[in-house]
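S.K.: Provided herewith: run_7.txt, compact mmCIF, C-alpha atoms and all ligand atoms.
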# COMPACT_ATOMS: atom_id res chain seq x y z
CA MET A 1 0.00 0.00 0.00
CA SER A 2 2.74 2.47 0.87
CA GLU A 3 4.34 1.82 -2.53
CA THR A 4 0.99 2.42 -4.30
CA ILE A 5 0.34 5.62 -2.37
CA GLU A 6 3.84 6.95 -2.91
CA PHE A 7 3.57 6.24 -6.66
CA LEU A 8 0.18 7.98 -6.93
CA LYS A 9 1.13 10.97 -4.76
CA ASN A 10 4.09 11.49 -7.03
CA LYS A 11 1.65 11.78 -9.95
CA ILE A 12 -1.03 13.88 -8.28
CA LYS A 13 1.15 16.01 -5.97
CA ASP A 14 -1.12 17.80 -3.47
CA PHE A 15 -4.42 16.82 -5.16
CA ARG A 16 -6.56 15.25 -2.43
CA PRO A 17 -9.60 13.36 -3.73
CA GLN A 18 -12.81 13.63 -1.69
CA ILE A 19 -15.13 11.67 -3.95
CA GLY A 20 -14.42 8.33 -5.62
CA LEU A 21 -16.37 7.06 -8.60
CA ILE A 22 -16.37 3.69 -10.30
CA LEU A 23 -17.69 3.78 -13.84
CA GLY A 24 -19.32 0.58 -15.03
CA SER A 25 -19.69 -1.08 -18.44
CA GLY A 26 -20.18 1.46 -21.20
CA LEU A 27 -20.25 4.32 -18.66
CA GLY A 28 -16.54 5.06 -18.60
CA GLU A 29 -16.79 7.89 -21.10
CA LEU A 30 -17.76 10.27 -18.32
CA ALA A 31 -14.11 10.45 -17.32
CA ASP A 32 -12.93 11.12 -20.89
CA ASP A 33 -13.64 14.82 -20.85
CA VAL A 34 -12.98 15.85 -17.28
CA GLY A 35 -9.32 16.56 -17.96
CA GLY A 36 -7.08 15.95 -14.97
CA ILE A 37 -4.40 13.36 -14.46
CA ARG A 38 -4.78 9.91 -15.96
CA VAL A 39 -2.92 6.90 -14.62
CA PRO A 40 -3.38 3.51 -16.35
CA TYR A 41 -3.94 0.61 -13.92
CA CYS A 42 -1.10 -1.33 -15.52
CA GLU A 43 1.37 1.29 -14.24
CA ILE A 44 0.14 1.32 -10.65
CA PRO A 45 2.00 -0.91 -8.18
CA GLY A 46 -0.45 -3.35 -6.57
CA PHE A 47 -3.17 -2.99 -9.23
CA ALA A 48 -4.24 -5.95 -11.38
CA ASN A 49 -4.70 -5.69 -15.14
CA SER A 50 -8.27 -5.23 -16.45
CA THR A 51 -9.24 -7.58 -19.26
CA VAL A 52 -12.85 -6.96 -20.29
CA GLN A 53 -13.86 -5.28 -23.53
CA GLY A 54 -15.59 -1.95 -22.86
CA HIS A 55 -13.66 -1.47 -19.62
CA LYS A 56 -10.89 1.04 -19.90
CA GLY A 57 -8.47 0.69 -17.08
CA SER A 58 -7.32 4.03 -15.70
CA LEU A 59 -7.53 6.11 -12.59
CA VAL A 60 -8.47 9.67 -13.46
CA PHE A 61 -7.90 12.46 -10.94
CA ALA A 62 -9.92 15.56 -11.80
CA LYS A 63 -11.86 18.46 -10.35
CA VAL A 64 -15.55 18.18 -11.23
CA SER A 65 -18.14 20.73 -10.05
CA GLY A 66 -15.47 22.14 -7.76
CA LYS A 67 -14.85 18.80 -6.01
CA ASN A 68 -11.72 16.71 -6.16
CA CYS A 69 -12.64 13.37 -7.68
CA ILE A 70 -10.93 10.10 -8.42
CA PHE A 71 -12.54 8.09 -11.20
CA MET A 72 -12.00 4.44 -11.83
CA GLN A 73 -12.52 4.26 -15.55
CA GLY A 74 -13.26 0.56 -15.76
CA ARG A 75 -13.33 -1.79 -12.80
CA TYR A 76 -12.06 -5.21 -11.88
CA HIS A 77 -14.46 -8.14 -11.80
CA PHE A 78 -14.43 -11.39 -9.84
CA TYR A 79 -15.00 -13.35 -13.07
CA GLU A 80 -11.70 -12.12 -14.49
CA GLY A 81 -10.07 -14.45 -12.01
CA HIS A 82 -8.90 -11.91 -9.44
CA THR A 83 -9.67 -12.41 -5.78
CA LEU A 84 -12.25 -10.09 -4.23
CA GLN A 85 -9.39 -8.61 -2.18
CA LYS A 86 -7.55 -7.68 -5.40
CA ILE A 87 -10.69 -6.27 -7.01
CA THR A 88 -11.33 -4.00 -4.05
CA TYR A 89 -7.74 -2.89 -3.52
CA PRO A 90 -8.47 0.43 -5.31
CA ILE A 91 -11.12 1.21 -2.65
CA ARG A 92 -8.49 0.79 0.06
CA VAL A 93 -6.25 3.10 -1.97
CA MET A 94 -9.06 5.67 -2.21
CA LYS A 95 -9.49 5.53 1.56
CA GLU A 96 -5.76 6.14 2.06
CA LEU A 97 -5.97 9.12 -0.30
CA GLY A 98 -8.79 10.65 1.74
CA VAL A 99 -11.96 9.68 -0.15
CA GLU A 100 -15.10 10.07 1.96
CA ILE A 101 -17.84 9.34 -0.57
CA LEU A 102 -17.87 6.57 -3.18
CA ILE A 103 -20.26 6.60 -6.13
CA LEU A 104 -20.60 3.12 -7.63
CA THR A 105 -22.15 2.62 -11.03
CA ASN A 106 -22.84 -0.47 -13.07
CA ALA A 107 -24.76 -1.98 -15.93
CA ALA A 108 -27.40 -4.37 -14.65
CA GLY A 109 -30.19 -6.64 -15.81
CA GLY A 110 -33.72 -5.75 -14.75
CA VAL A 111 -35.28 -8.46 -12.56
CA ASN A 112 -38.31 -6.45 -11.44
CA THR A 113 -40.68 -6.20 -14.40
CA GLU A 114 -41.49 -2.60 -13.45
CA LEU A 115 -38.00 -1.76 -14.76
CA LYS A 116 -37.15 -1.38 -18.41
CA GLY A 117 -34.02 -1.05 -20.51
CA GLY A 118 -32.59 2.45 -20.23
CA ASP A 119 -33.83 3.03 -16.67
CA LEU A 120 -31.51 4.33 -13.98
CA MET A 121 -31.97 2.63 -10.61
CA LEU A 122 -30.64 3.94 -7.34
CA ILE A 123 -29.37 1.01 -5.29
CA CYS A 124 -31.00 1.02 -1.84
CA ASP A 125 -29.51 -2.29 -0.72
CA HIS A 126 -27.79 -5.36 -2.07
CA ILE A 127 -27.76 -9.15 -1.92
CA ASN A 128 -24.35 -10.79 -2.11
CA LEU A 129 -24.62 -14.03 -4.07
CA MET A 130 -21.01 -14.06 -5.23
CA GLY A 131 -20.18 -16.90 -2.88
CA ALA A 132 -17.30 -14.90 -1.44
CA ASN A 133 -16.62 -11.81 0.63
CA PRO A 134 -13.70 -9.38 0.22
CA LEU A 135 -13.32 -9.08 4.01
CA ILE A 136 -12.51 -12.77 4.50
CA GLY A 137 -9.05 -13.11 6.03
CA MET A 138 -7.19 -11.16 8.68
CA ASN A 139 -9.01 -7.98 9.66
CA ASP A 140 -7.07 -4.73 9.83
CA ASP A 141 -8.70 -3.10 12.85
CA SER A 142 -7.21 0.26 11.90
CA ILE A 143 -9.44 0.25 8.77
CA GLY A 144 -12.69 -1.11 10.18
CA PRO A 145 -14.30 -3.69 12.48
CA ARG A 146 -14.12 -7.47 12.10
CA PHE A 147 -17.92 -7.71 11.89
CA PRO A 148 -19.11 -4.57 10.09
CA ASP A 149 -22.71 -3.43 10.32
CA MET A 150 -24.42 -3.50 6.90
CA SER A 151 -27.77 -1.96 7.78
CA GLU A 152 -27.22 1.21 5.71
CA VAL A 153 -24.46 0.64 3.17
CA TYR A 154 -26.09 2.93 0.57
CA LYS A 155 -26.51 6.05 2.63
CA LYS A 156 -29.98 7.55 2.95
CA ASP A 157 -28.72 11.13 2.87
CA LEU A 158 -26.85 10.51 -0.40
CA ARG A 159 -29.91 8.82 -1.90
CA LYS A 160 -31.98 11.85 -0.93
CA VAL A 161 -29.53 14.11 -2.77
CA ALA A 162 -29.63 11.83 -5.83
CA PHE A 163 -33.43 11.90 -5.92
CA SER A 164 -33.68 15.66 -5.55
CA VAL A 165 -31.02 16.21 -8.22
CA ALA A 166 -32.76 13.78 -10.59
CA LYS A 167 -36.05 15.59 -10.05
CA LYS A 168 -34.46 18.93 -10.87
CA LEU A 169 -32.94 17.49 -14.04
CA ASN A 170 -36.21 15.81 -14.95
CA ILE A 171 -34.52 12.41 -14.95
CA GLU A 172 -36.62 9.49 -13.78
CA LEU A 173 -34.73 7.61 -11.07
CA LYS A 174 -36.04 4.27 -9.86
CA GLN A 175 -34.89 2.56 -6.69
CA GLY A 176 -34.24 -1.08 -5.85
CA VAL A 177 -32.15 -3.94 -4.54
CA TYR A 178 -29.13 -5.08 -6.54
CA ALA A 179 -28.10 -8.74 -6.44
CA ALA A 180 -24.56 -9.67 -7.42
CA THR A 181 -23.49 -13.04 -8.77
CA SER A 182 -19.97 -13.98 -9.79
CA GLY A 183 -20.65 -14.15 -13.54
CA PRO A 184 -19.32 -14.41 -16.18
CA CYS A 185 -22.45 -16.28 -17.35
CA TYR A 186 -25.62 -14.26 -17.41
CA GLU A 187 -28.29 -15.82 -15.21
CA THR A 188 -30.63 -18.58 -16.32
CA PRO A 189 -34.37 -17.80 -16.35
CA ALA A 190 -34.77 -20.03 -13.28
CA GLU A 191 -32.05 -18.08 -11.48
CA VAL A 192 -33.78 -14.82 -12.39
CA ARG A 193 -37.06 -16.11 -10.93
CA MET A 194 -35.11 -17.06 -7.80
CA LEU A 195 -33.58 -13.57 -7.60
CA ARG A 196 -37.03 -12.03 -7.83
CA ILE A 197 -38.31 -14.24 -4.98
CA LEU A 198 -35.24 -13.27 -2.93
CA GLY A 199 -36.15 -9.62 -3.28
CA ALA A 200 -33.81 -8.42 -6.01
CA ASP A 201 -34.87 -5.77 -8.50
CA ALA A 202 -31.74 -5.89 -10.65
CA CYS A 203 -28.76 -8.19 -11.04
CA GLY A 204 -25.16 -7.88 -12.09
CA MET A 205 -21.61 -9.04 -11.55
CA SER A 206 -20.00 -6.17 -9.67
CA THR A 207 -20.43 -3.33 -7.15
CA VAL A 208 -21.14 -5.45 -4.06
CA PRO A 209 -17.47 -6.19 -3.25
CA GLU A 210 -16.57 -2.50 -3.56
CA ALA A 211 -19.58 -1.48 -1.45
CA ILE A 212 -18.61 -3.97 1.28
CA VAL A 213 -15.02 -2.72 1.46
CA ALA A 214 -16.04 0.96 1.36
CA ASN A 215 -18.63 0.45 4.11
CA HIS A 216 -16.05 -1.40 6.23
CA ALA A 217 -13.65 1.53 5.88
CA GLY A 218 -16.31 4.13 6.75
CA ILE A 219 -16.70 5.50 3.22
CA LYS A 220 -20.25 6.60 2.41
CA VAL A 221 -21.62 4.77 -0.63
CA LEU A 222 -24.08 5.75 -3.34
CA GLY A 223 -24.90 3.20 -6.05
CA ILE A 224 -26.59 3.64 -9.41
CA SER A 225 -27.45 0.86 -11.84
CA CYS A 226 -28.06 1.47 -15.49
CA ILE A 227 -30.63 -1.14 -16.50
CA THR A 228 -29.22 -2.18 -19.86
CA ASN A 229 -31.53 -5.14 -20.46
CA MET A 230 -34.20 -7.22 -18.83
CA ALA A 231 -32.66 -10.24 -17.13
CA ALA A 232 -32.84 -13.64 -18.83
CA GLY A 233 -36.25 -15.19 -19.39
CA ILE A 234 -38.26 -12.01 -18.80
CA VAL A 235 -38.54 -11.14 -22.47
CA GLU A 236 -39.48 -14.25 -24.41
CA ASN A 237 -37.00 -15.63 -26.96
CA LYS A 238 -34.49 -12.92 -26.21
CA LYS A 239 -30.84 -13.77 -25.75
CA LEU A 240 -28.47 -11.59 -23.75
CA SER A 241 -25.20 -10.22 -25.07
CA HIS A 242 -22.42 -7.97 -23.81
CA GLU A 243 -22.89 -5.97 -27.00
CA GLU A 244 -26.49 -5.13 -26.06
CA VAL A 245 -25.34 -4.13 -22.57
CA VAL A 246 -22.69 -1.75 -23.92
CA ASN A 247 -25.04 -0.34 -26.60
CA GLN A 248 -27.82 0.38 -24.12
CA ALA A 249 -25.35 1.99 -21.69
CA ASP A 250 -24.19 4.15 -24.59
CA ILE A 251 -27.77 5.32 -25.24
CA VAL A 252 -28.27 6.55 -21.66
CA LYS A 253 -24.78 7.91 -21.16
CA ASP A 254 -25.70 11.59 -21.48
CA LYS A 255 -28.56 11.33 -19.00
CA PHE A 256 -26.30 9.35 -16.72
CA LYS A 257 -23.44 11.82 -17.03
CA ASN A 258 -25.67 14.82 -16.21
CA LEU A 259 -27.03 13.04 -13.17
CA ILE A 260 -23.59 12.07 -11.84
CA ILE A 261 -22.08 15.52 -12.36
CA SER A 262 -25.03 17.13 -10.63
CA ILE A 263 -24.81 14.64 -7.74
CA ILE A 264 -21.11 15.50 -7.32
CA ASP A 265 -22.10 19.15 -7.25
CA ASN A 266 -24.67 18.57 -4.49
CA VAL A 267 -23.06 16.11 -2.07
N1 LIG A 301 -27.16 -10.03 -15.69
C1 LIG A 301 -25.98 -9.86 -15.05
N2 LIG A 301 -25.18 -8.82 -15.28
C2 LIG A 301 -25.60 -7.90 -16.17
C3 LIG A 301 -26.80 -8.02 -16.86
C4 LIG A 301 -27.62 -9.14 -16.61
O1 LIG A 301 -28.71 -9.32 -17.18
N3 LIG A 301 -26.89 -6.93 -17.67
C5 LIG A 301 -25.78 -6.18 -17.46
N4 LIG A 301 -24.99 -6.77 -16.55
Could I get this file's structure written as structure tokens?
Ligand code: HPA
M.R.:
Amino acid sequence: MSETIEFLKNKIKDFRPQIGLILGSGLGELADDVGGIRVPYCEIPGFANSTVQGHKGSLVFAKVSGKNCIFMQGRYHFYEGHTLQKITYPIRVMKELGVEILILTNAAGGVNTELKGGDLMLICDHINLMGANPLIGMNDDSIGPRFPDMSEVYKKDLRKVAFSVAKKLNIELKQGVYAATSGPCYETPAEVRMLRILGADACGMSTVPEAIVANHAGIKVLGISCITNMAAGIVENKKLSHEEVVNQADIVKDKFKNLIISIIDNV
């Protein structure tokens, strides 16, 4: 960690990020035109390499709406073969750099039939079905407790801000529970029915590990899913593809970008 921090501080000098953002599939473009300092993951000591198409791997340090932000343009996924500890290492780095608020975004499949492709869904809670937890192993008590409380991971006050900002911008913002599986397969229709019974509104393959580690470290989390498709089996005879996910994310990217920038302005 000290090597990572020293390397990054050398790049960013006295820039002190307050807000961290992770940009999901097809949503990374937001960090393209914020200027700032760009550091590819492959150069950062301790970071893994990102492999998925549509995921650019860079940290971007930039001032947005007057706030110092650190963007993860592209994230690590469990299905790439990294451990959950490795995937969430950047969150630990953000904490060391002084981040207090983390905005997590992702592309997700709609499980609740009230959702539709193109919707934005504020995450109010999650269900971890990854079969693993990034906090397994020795606990560092200086970061957070061995048995962290999870009763309000996605902070109510941040959600309130997101809703009021969305209203002002005339953007419809839904709200729901996000369930994470390991991937890389999309779910089967039977699994999607199970997720619905369990109380999930949307499903995906990310976000939960980062939210767990941020919550453990006392970082306030806000999560937004871009519903890129209805989950398997909901629309008859429709197959799922990564291409559809990226295309749909591309369609909503302007709406999404306006919302995020305005949230940064108001938190
Ligand atoms: N399932 C899981 N992950 C996803 C989906 C989905 O339907 N869409 C985008 N990411």
S.K.: Please give me, as a PyMOL selection string, the residues lying within 6 Å of ligand LIG 301 (chain A) when counting all atoms listed in the file.
M.R.: chain A and resi 107-109+186-187+203-205+228-229+231+245
S.K.: So, with all atoms listed in the file as the atoms that count, which of A:Tyr178, A:Ile44, A:Lys156, A:Gly199 lies closest to Val93 in chain A?
M.R.: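 Looking only at the distances to Val93 in chain A, the closest residue turns out to be A:Ile44.
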S.K.: Could you check the closest approach to Ser164 in chain A for each of A:Ile263, A:Met72, A:Ile227, A:Leu30 and tell me which residue wins, using only C-alpha atoms?
M.R.: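 Once distances to Ser164 in chain A are computed over only C-alpha atoms, the minimum belongs to A:Ile263.
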S.K.: Residues near range 120-122 of chain A, anyone? I mean within 6 Å using all atoms listed in the file, not counting same-chain ones fewer than 3 positions away, as a ChimeraX atom specification.
M.R.: /A:173-175,223-226
S.K.: So which residues touch Tyr41 in chain A within 10 Å, counting only C-alpha atoms, skipping near sequence neighbours fewer than 5 positions away, as an NGL selection string?
M.R.: :A and (46-50 or 56-59 or 72-75 or 90)
S.K.: Kindly save the residues from that selection, with C-alpha atoms included, as an mmCIF file, in the coordinates of the input.
M.R.:
data_model
loop_
_atom_site.group_PDB
_atom_site.id
_atom_site.type_symbol
_atom_site.label_atom_id
_atom_site.label_comp_id
_atom_site.auth_asym_id
_atom_site.auth_seq_id
_atom_site.Cartn_x
_atom_site.Cartn_y
_atom_site.Cartn_z
ATOM 1 C CA GLY A 46 -0.450 -3.350 -6.570
ATOM 2 C CA PHE A 47 -3.170 -2.990 -9.230
ATOM 3 C CA ALA A 48 -4.240 -5.950 -11.380
ATOM 4 C CA ASN A 49 -4.700 -5.690 -15.140
ATOM 5 C CA SER A 50 -8.270 -5.230 -16.450
ATOM 6 C CA LYS A 56 -10.890 1.040 -19.900
ATOM 7 C CA GLY A 57 -8.470 0.690 -17.080
ATOM 8 C CA SER A 58 -7.320 4.030 -15.700
ATOM 9 C CA LEU A 59 -7.530 6.110 -12.590
ATOM 10 C CA MET A 72 -12.000 4.440 -11.830
ATOM 11 C CA GLN A 73 -12.520 4.260 -15.550
ATOM 12 C CA GLY A 74 -13.260 0.560 -15.760
ATOM 13 C CA ARG A 75 -13.330 -1.790 -12.800
ATOM 14 C CA PRO A 90 -8.470 0.430 -5.310
#
S.K.: Tell me which protein, DNA and RNA residues are within 9 Å of range 130-145 of chain A, counting all atoms listed in the file, leaving out same-chain ones fewer than 3 positions away, and put them as a list in words.
M.R.: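 Final neighbour list, sorted by chain and number: Phe78, Thr83, Leu84, Gln85, Lys86, Ile87, Thr88, Arg92, Lys95, Ile127, Pro148, Asp149, Ala179, Ala180, Thr181, Ser182, Gly183, Met205, Val208, Pro209, Glu210, Ile212, Val213, Asn215, His216, Ala217 and Gly218 of chain A.
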S.K.: Select, from A:Ala214, A:Ser206, A:Pro184, A:Cys69, the residue with the minimum atom-to-atom distance to Ile261 in chain A, counting all atoms listed in the file.
M.R.: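 Result for the nearest residue to Ile261 in chain A: A:Cys69.
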S.K.: Report, in Å with one decimal, the straight-line distance from CA of Val34 in chain A to CA of Ile260 in chain A.
M.R.: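 Atom-to-atom, CA of Val34 in chain A to CA of Ile260 in chain A, that is 12.5 Å.
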S.K.: Using all atoms listed in the file, which of the listed residues (A:Glu96, A:Asp32, A:Asp119, A:Glu80) sits closest to Ser2 in chain A?
M.R.: A:Glu96
S.K.: Grab the CA of Asn68 in chain A to CA of Ile19 in chain A distance for me, in Å with one decimal place.
M.R.: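 Atom-to-atom, CA of Asn68 in chain A to CA of Ile19 in chain A, that is 6.5 Å.
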S.K.: Quick one: distance from CA of Asn258 in chain A to CA of Ala31 in chain A in Å, one decimal?
M.R.: 12.4 Å
S.K.: Hey, can you pull every residue with an atom no more than 7 Å from (-29.1, -0.9, 1.9), using all atoms listed in the file, and send it as an MDAnalysis selection string?
M.R.: chainID A and resid 124:126 151:154
S.K.: Could you complete range 196-207 of chain A so that it carries all heavy atoms, and give it back as a PDB file, in the coordinates of the input?
M.R.:
ATOM      1  N   ARG A 196     -35.834 -12.835  -8.076  1.00  0.00           N
ATOM      2  CA  ARG A 196     -37.030 -12.030  -7.830  1.00  0.00           C
ATOM      3  C   ARG A 196     -37.656 -12.430  -6.490  1.00  0.00           C
ATOM      4  O   ARG A 196     -38.038 -11.589  -5.685  1.00  0.00           O
ATOM      5  CB  ARG A 196     -38.020 -12.198  -8.968  1.00  0.00           C
ATOM      6  CG  ARG A 196     -39.122 -11.152  -8.947  1.00  0.00           C
ATOM      7  CD  ARG A 196     -40.066 -11.265 -10.136  1.00  0.00           C
ATOM      8  NE  ARG A 196     -39.352 -11.321 -11.393  1.00  0.00           N
ATOM      9  CZ  ARG A 196     -39.666 -12.148 -12.393  1.00  0.00           C
ATOM     10  NH1 ARG A 196     -40.664 -13.006 -12.286  1.00  0.00           N
ATOM     11  NH2 ARG A 196     -38.978 -12.136 -13.522  1.00  0.00           N
ATOM     12  N   ILE A 197     -37.732 -13.740  -6.244  1.00  0.00           N
ATOM     13  CA  ILE A 197     -38.310 -14.240  -4.980  1.00  0.00           C
ATOM     14  C   ILE A 197     -37.452 -13.774  -3.799  1.00  0.00           C
ATOM     15  O   ILE A 197     -37.961 -13.435  -2.733  1.00  0.00           O
ATOM     16  CB  ILE A 197     -38.430 -15.781  -5.014  1.00  0.00           C
ATOM     17  CG1 ILE A 197     -39.498 -16.182  -6.030  1.00  0.00           C
ATOM     18  CG2 ILE A 197     -38.765 -16.332  -3.633  1.00  0.00           C
ATOM     19  CD1 ILE A 197     -39.466 -17.654  -6.413  1.00  0.00           C
ATOM     20  N   LEU A 198     -36.148 -13.701  -4.006  1.00  0.00           N
ATOM     21  CA  LEU A 198     -35.240 -13.270  -2.930  1.00  0.00           C
ATOM     22  C   LEU A 198     -35.357 -11.779  -2.623  1.00  0.00           C
ATOM     23  O   LEU A 198     -34.845 -11.308  -1.614  1.00  0.00           O
ATOM     24  CB  LEU A 198     -33.788 -13.591  -3.300  1.00  0.00           C
ATOM     25  CG  LEU A 198     -33.384 -15.066  -3.340  1.00  0.00           C
ATOM     26  CD1 LEU A 198     -31.907 -15.192  -3.707  1.00  0.00           C
ATOM     27  CD2 LEU A 198     -33.643 -15.751  -2.015  1.00  0.00           C
ATOM     28  N   GLY A 199     -35.974 -11.051  -3.533  1.00  0.00           N
ATOM     29  CA  GLY A 199     -36.150  -9.620  -3.280  1.00  0.00           C
ATOM     30  C   GLY A 199     -35.260  -8.720  -4.103  1.00  0.00           C
ATOM     31  O   GLY A 199     -35.117  -7.531  -3.793  1.00  0.00           O
ATOM     32  N   ALA A 200     -34.662  -9.260  -5.149  1.00  0.00           N
ATOM     33  CA  ALA A 200     -33.810  -8.420  -6.010  1.00  0.00           C
ATOM     34  C   ALA A 200     -34.647  -7.723  -7.077  1.00  0.00           C
ATOM     35  O   ALA A 200     -35.627  -8.279  -7.571  1.00  0.00           O
ATOM     36  CB  ALA A 200     -32.741  -9.269  -6.680  1.00  0.00           C
ATOM     37  N   ASP A 201     -34.242  -6.513  -7.402  1.00  0.00           N
ATOM     38  CA  ASP A 201     -34.870  -5.770  -8.500  1.00  0.00           C
ATOM     39  C   ASP A 201     -33.989  -5.763  -9.740  1.00  0.00           C
ATOM     40  O   ASP A 201     -34.461  -5.595 -10.852  1.00  0.00           O
ATOM     41  CB  ASP A 201     -35.139  -4.324  -8.058  1.00  0.00           C
ATOM     42  CG  ASP A 201     -36.115  -4.278  -6.893  1.00  0.00           C
ATOM     43  OD1 ASP A 201     -37.279  -4.675  -7.097  1.00  0.00           O
ATOM     44  OD2 ASP A 201     -35.717  -3.904  -5.779  1.00  0.00           O
ATOM     45  N   ALA A 202     -32.687  -5.888  -9.525  1.00  0.00           N
ATOM     46  CA  ALA A 202     -31.740  -5.890 -10.650  1.00  0.00           C
ATOM     47  C   ALA A 202     -30.589  -6.826 -10.297  1.00  0.00           C
ATOM     48  O   ALA A 202     -30.359  -7.124  -9.114  1.00  0.00           O
ATOM     49  CB  ALA A 202     -31.225  -4.473 -10.902  1.00  0.00           C
ATOM     50  N   CYS A 203     -29.878  -7.281 -11.331  1.00  0.00           N
ATOM     51  CA  CYS A 203     -28.760  -8.190 -11.040  1.00  0.00           C
ATOM     52  C   CYS A 203     -27.554  -7.833 -11.901  1.00  0.00           C
ATOM     53  O   CYS A 203     -27.692  -7.264 -12.985  1.00  0.00           O
ATOM     54  CB  CYS A 203     -29.166  -9.636 -11.264  1.00  0.00           C
ATOM     55  SG  CYS A 203     -29.667 -10.009 -12.944  1.00  0.00           S
ATOM     56  N   GLY A 204     -26.401  -8.161 -11.370  1.00  0.00           N
ATOM     57  CA  GLY A 204     -25.160  -7.880 -12.090  1.00  0.00           C
ATOM     58  C   GLY A 204     -23.995  -8.626 -11.482  1.00  0.00           C
ATOM     59  O   GLY A 204     -24.186  -9.503 -10.634  1.00  0.00           O
ATOM     60  N   MET A 205     -22.800  -8.273 -11.933  1.00  0.00           N
ATOM     61  CA  MET A 205     -21.610  -9.040 -11.550  1.00  0.00           C
ATOM     62  C   MET A 205     -20.552  -8.171 -10.874  1.00  0.00           C
ATOM     63  O   MET A 205     -19.357  -8.469 -10.939  1.00  0.00           O
ATOM     64  CB  MET A 205     -21.000  -9.688 -12.806  1.00  0.00           C
ATOM     65  CG  MET A 205     -21.986 -10.471 -13.653  1.00  0.00           C
ATOM     66  SD  MET A 205     -21.266 -10.988 -15.211  1.00  0.00           S
ATOM     67  CE  MET A 205     -22.736 -11.538 -16.100  1.00  0.00           C
ATOM     68  N   SER A 206     -20.987  -7.088 -10.252  1.00  0.00           N
ATOM     69  CA  SER A 206     -20.000  -6.170  -9.670  1.00  0.00           C
ATOM     70  C   SER A 206     -20.552  -5.446  -8.456  1.00  0.00           C
ATOM     71  O   SER A 206     -21.522  -5.897  -7.847  1.00  0.00           O
ATOM     72  CB  SER A 206     -19.583  -5.142 -10.737  1.00  0.00           C
ATOM     73  OG  SER A 206     -20.663  -4.268 -11.023  1.00  0.00           O
ATOM     74  N   THR A 207     -19.932  -4.340  -8.102  1.00  0.00           N
ATOM     75  CA  THR A 207     -20.430  -3.330  -7.150  1.00  0.00           C
ATOM     76  C   THR A 207     -20.471  -3.778  -5.687  1.00  0.00           C
ATOM     77  O   THR A 207     -20.038  -3.046  -4.797  1.00  0.00           O
ATOM     78  CB  THR A 207     -21.845  -2.827  -7.591  1.00  0.00           C
ATOM     79  OG1 THR A 207     -21.719  -2.320  -8.903  1.00  0.00           O
ATOM     80  CG2 THR A 207     -22.403  -1.781  -6.678  1.00  0.00           C
TER      81      THR A 207
END
